[in-house]
Each structure stands twice: as C-alpha cells, then as structure tokens.
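K.L.:
Below is the file entry38.txt, with compact mmCIF, C-alpha atoms.
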# COMPACT_ATOMS: atom_id res chain seq x y z
CA MET A 1058 -88.84 -84.76 73.76
CA ALA A 1059 -85.31 -83.31 73.73
CA GLU A 1060 -83.79 -86.74 74.34
CA ASP A 1061 -85.03 -87.93 70.93
CA LEU A 1062 -82.33 -85.81 69.25
CA ASP A 1063 -79.06 -87.66 68.65
CA PHE A 1064 -76.10 -86.00 70.39
CA GLU A 1065 -73.87 -86.13 67.29
CA THR A 1066 -76.59 -84.53 65.18
CA LEU A 1067 -77.01 -81.82 67.78
CA VAL A 1068 -73.25 -81.11 67.80
CA ASP A 1069 -73.12 -81.05 63.99
CA GLN A 1070 -76.04 -78.65 63.84
CA TYR A 1071 -75.08 -76.20 66.58
CA TYR A 1072 -71.30 -76.37 66.98
CA GLN A 1073 -70.40 -73.60 64.52
CA PRO A 1074 -72.92 -70.99 65.77
CA LEU A 1075 -72.10 -71.77 69.40
CA TYR A 1076 -68.37 -71.58 68.75
CA LYS A 1077 -68.77 -68.20 67.02
CA PHE A 1078 -70.81 -66.92 69.95
CA ALA A 1079 -68.23 -68.25 72.41
CA LEU A 1080 -65.42 -66.62 70.43
CA GLY A 1081 -67.27 -63.31 70.63
CA LEU A 1082 -67.73 -63.70 74.37
CA ALA A 1083 -64.34 -65.08 75.35
CA GLY A 1084 -62.13 -63.38 72.80
CA SER A 1085 -59.68 -66.28 72.47
CA GLU A 1086 -59.91 -69.52 70.54
CA ALA A 1087 -58.86 -71.69 73.48
CA ASP A 1088 -61.46 -70.18 75.80
CA ALA A 1089 -64.10 -70.42 73.05
CA CYS A 1090 -63.32 -74.13 72.57
CA ASP A 1091 -63.54 -74.74 76.32
CA LEU A 1092 -66.81 -72.84 76.59
CA THR A 1093 -68.35 -74.70 73.66
CA GLN A 1094 -67.24 -78.04 75.04
CA GLN A 1095 -68.62 -77.17 78.47
CA THR A 1096 -71.97 -76.21 76.91
CA PHE A 1097 -72.27 -79.55 75.15
CA TYR A 1098 -71.23 -81.35 78.32
CA ILE A 1099 -74.04 -79.61 80.21
CA TRP A 1100 -76.44 -80.55 77.42
CA GLN A 1101 -75.34 -84.18 77.73
CA THR A 1102 -75.98 -84.17 81.48
CA LYS A 1103 -79.07 -81.95 81.70
CA GLY A 1104 -80.53 -81.65 78.20
CA HIS A 1105 -83.02 -84.44 78.79
CA GLN A 1106 -84.92 -82.04 81.06
CA LEU A 1107 -85.88 -79.80 78.14
CA ARG A 1108 -89.49 -80.50 77.18
CA GLU A 1109 -89.73 -78.68 73.84
CA ALA A 1110 -87.31 -79.65 71.06
CA GLY A 1111 -87.89 -76.25 69.42
CA LYS A 1112 -86.10 -74.53 72.29
CA ILE A 1113 -82.83 -76.45 72.04
CA LYS A 1114 -80.97 -73.64 70.29
CA SER A 1115 -82.00 -70.98 72.80
CA TRP A 1116 -81.25 -73.40 75.67
CA LEU A 1117 -77.74 -74.00 74.35
CA PHE A 1118 -77.01 -70.29 73.86
CA THR A 1119 -78.44 -69.38 77.27
CA THR A 1120 -76.41 -72.14 78.91
CA MET A 1121 -73.25 -70.95 77.17
CA HIS A 1122 -73.83 -67.37 78.28
CA ARG A 1123 -74.37 -68.48 81.89
CA GLU A 1124 -71.21 -70.57 81.83
CA PHE A 1125 -69.28 -67.61 80.44
CA LEU A 1126 -70.58 -65.36 83.23
CA ASN A 1127 -69.75 -67.99 85.87
CA SER A 1128 -66.21 -68.33 84.54
CA ARG A 1129 -65.74 -64.55 84.61
CA ARG A 1130 -66.99 -64.42 88.20
CA ARG A 1131 -64.44 -67.08 89.15
CA ILE A 1132 -61.68 -65.12 87.43
CA ILE A 1133 -62.66 -61.92 89.22
CA ARG A 1134 -63.03 -63.71 92.53
CA PHE A 1135 -59.80 -65.64 92.17
CA PRO A 1136 -57.60 -63.54 89.88
CA HIS A 1137 -54.55 -65.16 88.39
CA SER A 1138 -51.39 -63.32 89.27
CA GLY A 1139 -47.76 -64.22 89.26
CA LEU A 1140 -46.06 -65.29 92.45
CA GLU A 1141 -43.87 -62.19 92.37
CA GLN A 1142 -46.94 -59.93 92.29
CA SER A 1143 -48.66 -61.72 95.18
CA GLU A 1144 -45.67 -62.24 97.43
CA GLY A 1145 -46.76 -59.58 99.93
CA GLU A 1146 -50.23 -61.12 100.28
CA LEU A 1147 -49.04 -64.66 101.00
CA PRO A 1148 -49.03 -65.82 104.61
CA SER A 1149 -45.72 -66.74 106.16
CA VAL A 1150 -45.64 -70.49 106.53
CA PRO A 1151 -42.54 -72.18 107.88
CA ALA A 1152 -40.67 -74.41 105.45
CA GLY A 1153 -41.80 -77.99 105.49
CA THR A 1154 -45.29 -77.22 106.75
CA MET A 1155 -46.99 -77.85 103.43
CA SER A 1156 -45.39 -81.23 103.02
CA THR A 1157 -46.84 -82.34 106.35
CA ALA A 1158 -50.25 -80.76 105.88
CA ASP A 1159 -52.42 -83.09 103.88
CA TYR A 1160 -56.15 -83.18 103.29
CA PRO A 1161 -57.06 -85.50 106.19
CA ALA A 1162 -54.96 -83.39 108.56
CA VAL A 1163 -56.63 -80.21 107.36
CA LEU A 1164 -60.08 -81.76 107.81
CA ALA A 1165 -59.16 -82.94 111.30
CA ALA A 1166 -57.86 -79.47 112.18
CA LEU A 1167 -60.96 -77.84 110.69
CA ALA A 1168 -63.11 -80.04 112.93
CA ARG A 1169 -61.32 -78.52 115.96
CA VAL A 1170 -61.93 -74.88 114.90
CA ASP A 1171 -64.63 -73.08 116.91
CA ALA A 1172 -68.07 -73.88 115.47
CA PRO A 1173 -69.05 -70.37 114.27
CA HIS A 1174 -65.73 -69.94 112.50
CA GLN A 1175 -65.69 -73.52 111.21
CA ALA A 1176 -68.85 -73.10 109.14
CA ALA A 1177 -67.60 -69.94 107.42
CA VAL A 1178 -64.18 -71.45 106.63
CA ALA A 1179 -65.67 -74.68 105.29
CA LEU A 1180 -68.17 -72.84 103.08
CA PHE A 1181 -65.52 -70.51 101.71
CA TYR A 1182 -62.65 -72.90 101.06
CA MET A 1183 -64.32 -76.25 100.60
CA GLU A 1184 -67.57 -75.24 98.91
CA ASP A 1185 -66.28 -72.17 97.04
CA TYR A 1186 -69.04 -69.81 98.22
CA SER A 1187 -68.65 -66.02 98.08
CA TYR A 1188 -68.91 -63.80 101.15
CA GLN A 1189 -72.46 -62.83 100.16
CA GLU A 1190 -73.51 -66.45 99.66
CA ILE A 1191 -72.06 -67.42 103.05
CA ALA A 1192 -73.86 -64.48 104.66
CA ASN A 1193 -77.14 -65.67 103.13
CA ILE A 1194 -76.59 -69.31 104.12
CA LEU A 1195 -75.58 -68.51 107.72
CA GLU A 1196 -78.02 -65.57 107.91
CA ILE A 1197 -75.38 -63.16 109.22
CA PRO A 1198 -73.97 -59.84 107.91
CA ILE A 1199 -71.03 -59.87 105.47
CA GLY A 1200 -68.81 -58.15 108.05
CA THR A 1201 -69.42 -61.03 110.43
CA VAL A 1202 -68.56 -63.50 107.67
CA LYS A 1203 -65.26 -61.72 107.07
CA SER A 1204 -64.32 -61.66 110.75
CA ARG A 1205 -65.29 -65.32 111.23
CA LEU A 1206 -63.19 -66.27 108.21
CA ALA A 1207 -60.20 -64.33 109.50
CA ARG A 1208 -60.47 -65.81 112.99
CA GLY A 1209 -61.17 -69.31 111.67
CA ILE A 1210 -58.18 -69.21 109.34
CA ALA A 1211 -55.96 -68.02 112.18
CA GLN A 1212 -57.16 -70.91 114.37
CA LEU A 1213 -56.67 -73.38 111.52
CA GLN A 1214 -53.12 -72.16 110.91
CA LYS A 1215 -52.27 -72.56 114.61
CA LEU A 1216 -53.74 -76.05 114.66
CA LEU A 1217 -51.81 -77.08 111.56
CA LEU A 1218 -48.52 -75.57 112.71
CA VAL A 1219 -48.63 -77.07 116.20
CA PRO A 1220 -49.44 -80.77 116.00
CA ALA A 1221 -52.01 -81.85 118.56
CA LYS A 1222 -50.87 -84.18 121.31
CA SER A 1223 -52.30 -87.62 120.80
CA SER A 1224 -55.02 -88.60 123.25
CA GLN A 1225 -53.46 -92.06 123.68
CA PHE A 1226 -50.65 -90.60 125.80
CA LYS A 1227 -52.99 -88.91 128.26
CA GLU A 1228 -53.35 -90.62 131.56
CA ALA A 1229 -56.81 -91.37 132.85
Show the structure stored in the file as structure tokens.
P.N.:
Amino acid sequence: MAEDLDFETLVDQYYQPLYKFALGLAGSEADACDLTQQTFYIWQTKGHQLREAGKIKSWLFTTMHREFLNSRRRIIRFPHSGLEQSEGELPSVPAGTMSTADYPAVLAALARVDAPHQAAVALFYMEDYSYQEIANILEIPIGTVKSRLARGIAQLQKLLLVPAKSSQFKEA
C-alpha cells in the first residue's frame, strides 16, 4: 500500500515538517539536512514494508528520531577530539608501521589471534558493536569482554609489528 505513493510526492509533502523536526533535534542546519536525507533514504529502501498509507507520516518521524538517537550514540561512543587532546591516549606505533599495515594484513593477523580474543576484537572493530552488545552476543560478562579486547589488541599489535616468517622457508 505504501509503495503506491510516488517518492517525489512524498518528499514534497513531508520535507518541510521533517526538516523542522530535524533542526529541532540536531540544532544545526547541516546535521538537520543530513538527518532528513537519511530518513528519506531509509524510506526509499524500507518504506515498501509499511502496510498502511495513513501511517507514513508517523513512520517517517519515528525513523528520523531513531536515526538521530543512533547518531548521538555513535558520537558519544566515538567522540571527536583533536589530535592534541588525544595524544596521551594513542598507542605508540613505530614510524612506517601504518604504511605497511593494510587491510589484508590486518585480517591475516586477526586470524592468528587466540580464538576467544579474536571474536571480541572482530565484533568491536569490524562490526562496530558496543561492549554490552558483544557481551550479549558472546554470552560473557562485560569485564571479560574488556579483558579479551585488551589482550586481543595486544596480540594483534605484536603480530602486525613483527612480520610472520613465511611457511615456504620452513624445511620439512
């Protein structure tokens, strides 16, 4: 039923009220534009699932509010700070390491991390899960998640800093 509504008509009808709501939530025009655009993008990809055309407006506003909350969670979880402010928190990595560490190498190194630590590291860094979500997925306490992450990251750093000897040079 919801797919009968033309996308352009929908945008014309709901853009202004959604933008005003987004501006009230986000507080800046740029963030409000992004939030409104994201809401219409979600409508374009998932709106066909709505069964009652009379609920389009509430669906759009609810979707926008959820997207706003998700973006705030990301900001809180990964706060933006200047390099000068975060300098003490950054790990010491020898110069030139980052140029040699590429995605395939990181994946290969991650595959060599101990299994319990590997799952926590992969869920945190590759799937963007929170500590609580990882604890629920792995069915372990949050403290265990934190220690597995710390140990897994330490193993991963060692594996990336010391290149593994190729198996082709080993004698049988």
K.L.:
Within 12 Å of (-81.3, -73.6, 74.3) (coordinates as in the file), grab all the protein and nucleic acid residues, counting only C-alpha atoms, and write them out as a list of chain:residue names.
P.N.:
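Using only C-alpha atoms, the matching residues come out as A:Ala1059, A:Leu1067, A:Tyr1071, A:Leu1075, A:Thr1096, A:Phe1097, A:Ile1099, A:Trp1100, A:Lys1103, A:Gly1104, A:His1105, A:Gln1106, A:Leu1107, A:Arg1108, A:Glu1109, A:Ala1110, A:Gly1111, A:Lys1112, A:Ile1113, A:Lys1114, A:Ser1115, A:Trp1116, A:Leu1117, A:Phe1118, A:Thr1119, A:Thr1120, A:Met1121, A:His1122, A:Arg1123.
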K.L.:
Would you please work out which residue, of A:Gly1200, A:Pro1173, A:Leu1218, A:Gln1073, is nearest to Cys1090 (chain A) when using only C-alpha atoms?
P.N.:
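Going through A:Gly1200, A:Pro1173, A:Leu1218, A:Gln1073 one by one, the smallest distance to Cys1090 (chain A) is for A:Gln1073.
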K.L.:
Could you list, as a list in words, every residue within 10 Å of region 1128-1137 of chain A, counting only C-alpha atoms and ignoring same-chain residues fewer than 3 positions away?
P.N.:
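Contacts, in chain order: Ala1083, Leu1092, His1122, Arg1123, Glu1124, Phe1125, Leu1140, Ser1143, Asp1185 and Ser1187 of chain A.
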K.L.:
Those residues with C-alpha atoms, as an mmCIF file, in the frame of the given file please?
P.N.:
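In the end it all went to result_15.cif:
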data_model
loop_
_atom_site.group_PDB
_atom_site.id
_atom_site.type_symbol
_atom_site.label_atom_id
_atom_site.label_comp_id
_atom_site.auth_asym_id
_atom_site.auth_seq_id
_atom_site.Cartn_x
_atom_site.Cartn_y
_atom_site.Cartn_z
ATOM 1 C CA ALA A 1083 -64.340 -65.080 75.350
ATOM 2 C CA LEU A 1092 -66.810 -72.840 76.590
ATOM 3 C CA HIS A 1122 -73.830 -67.370 78.280
ATOM 4 C CA ARG A 1123 -74.370 -68.480 81.890
ATOM 5 C CA GLU A 1124 -71.210 -70.570 81.830
ATOM 6 C CA PHE A 1125 -69.280 -67.610 80.440
ATOM 7 C CA LEU A 1140 -46.060 -65.290 92.450
ATOM 8 C CA SER A 1143 -48.660 -61.720 95.180
ATOM 9 C CA ASP A 1185 -66.280 -72.170 97.040
ATOM 10 C CA SER A 1187 -68.650 -66.020 98.080
#
K.L.:
Could you check which of A:Leu1126, A:Val1219, A:Val1202, A:Ile1194 is closest to Ala1166 (chain A), using all atoms listed in the file?
P.N.:
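Using all atoms listed in the file, the shortest distance to Ala1166 (chain A) belongs to A:Val1219.
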K.L.:
Between CA of Leu1206 (chain A) and CA of His1174 (chain A), measure the distance and give it in Å to one decimal.
P.N.:
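Spanning CA of Leu1206 (chain A) to CA of His1174 (chain A) is a straight-line distance of 6.2 Å.
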K.L.:
Considering only C-alpha atoms, state which residue in the set A:Lys1215, A:Ala1192, A:Ser1085, A:Asn1127 is at the smallest distance from Val1170 (chain A).
P.N.:
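Of A:Lys1215, A:Ala1192, A:Ser1085, A:Asn1127, the one nearest Val1170 (chain A) is A:Lys1215, counting only C-alpha atoms.
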K.L.:
For a test of reading the model, state the distance in Å between CA of Leu1080 (chain A) and CA of Asp1063 (chain A), rounded to one decimal.
P.N.:
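About the pair CA of Leu1080 (chain A) and CA of Asp1063 (chain A): they are 25.1 Å apart.
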K.L.:
Have a look at A:Ala1176, A:Leu1217, A:Leu1082, A:Ala1211 and name the one nearest to Ile1197 (chain A); count only C-alpha atoms.
P.N.:
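Using only C-alpha atoms, Ile1197 (chain A) sits closest to A:Ala1176.
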K.L.:
Tell me, in Å to one decimal, how far CA of Thr1201 (chain A) is from CA of Ala1177 (chain A).
P.N.:
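Going from CA of Thr1201 (chain A) over to CA of Ala1177 (chain A), I get 9.6 Å.
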K.L.:
Pick from A:Leu1195, A:Ala1087, A:Val1068, A:Ile1210: nearest to Tyr1182 (chain A), with all atoms listed in the file counted?
P.N.:
A:Ile1210
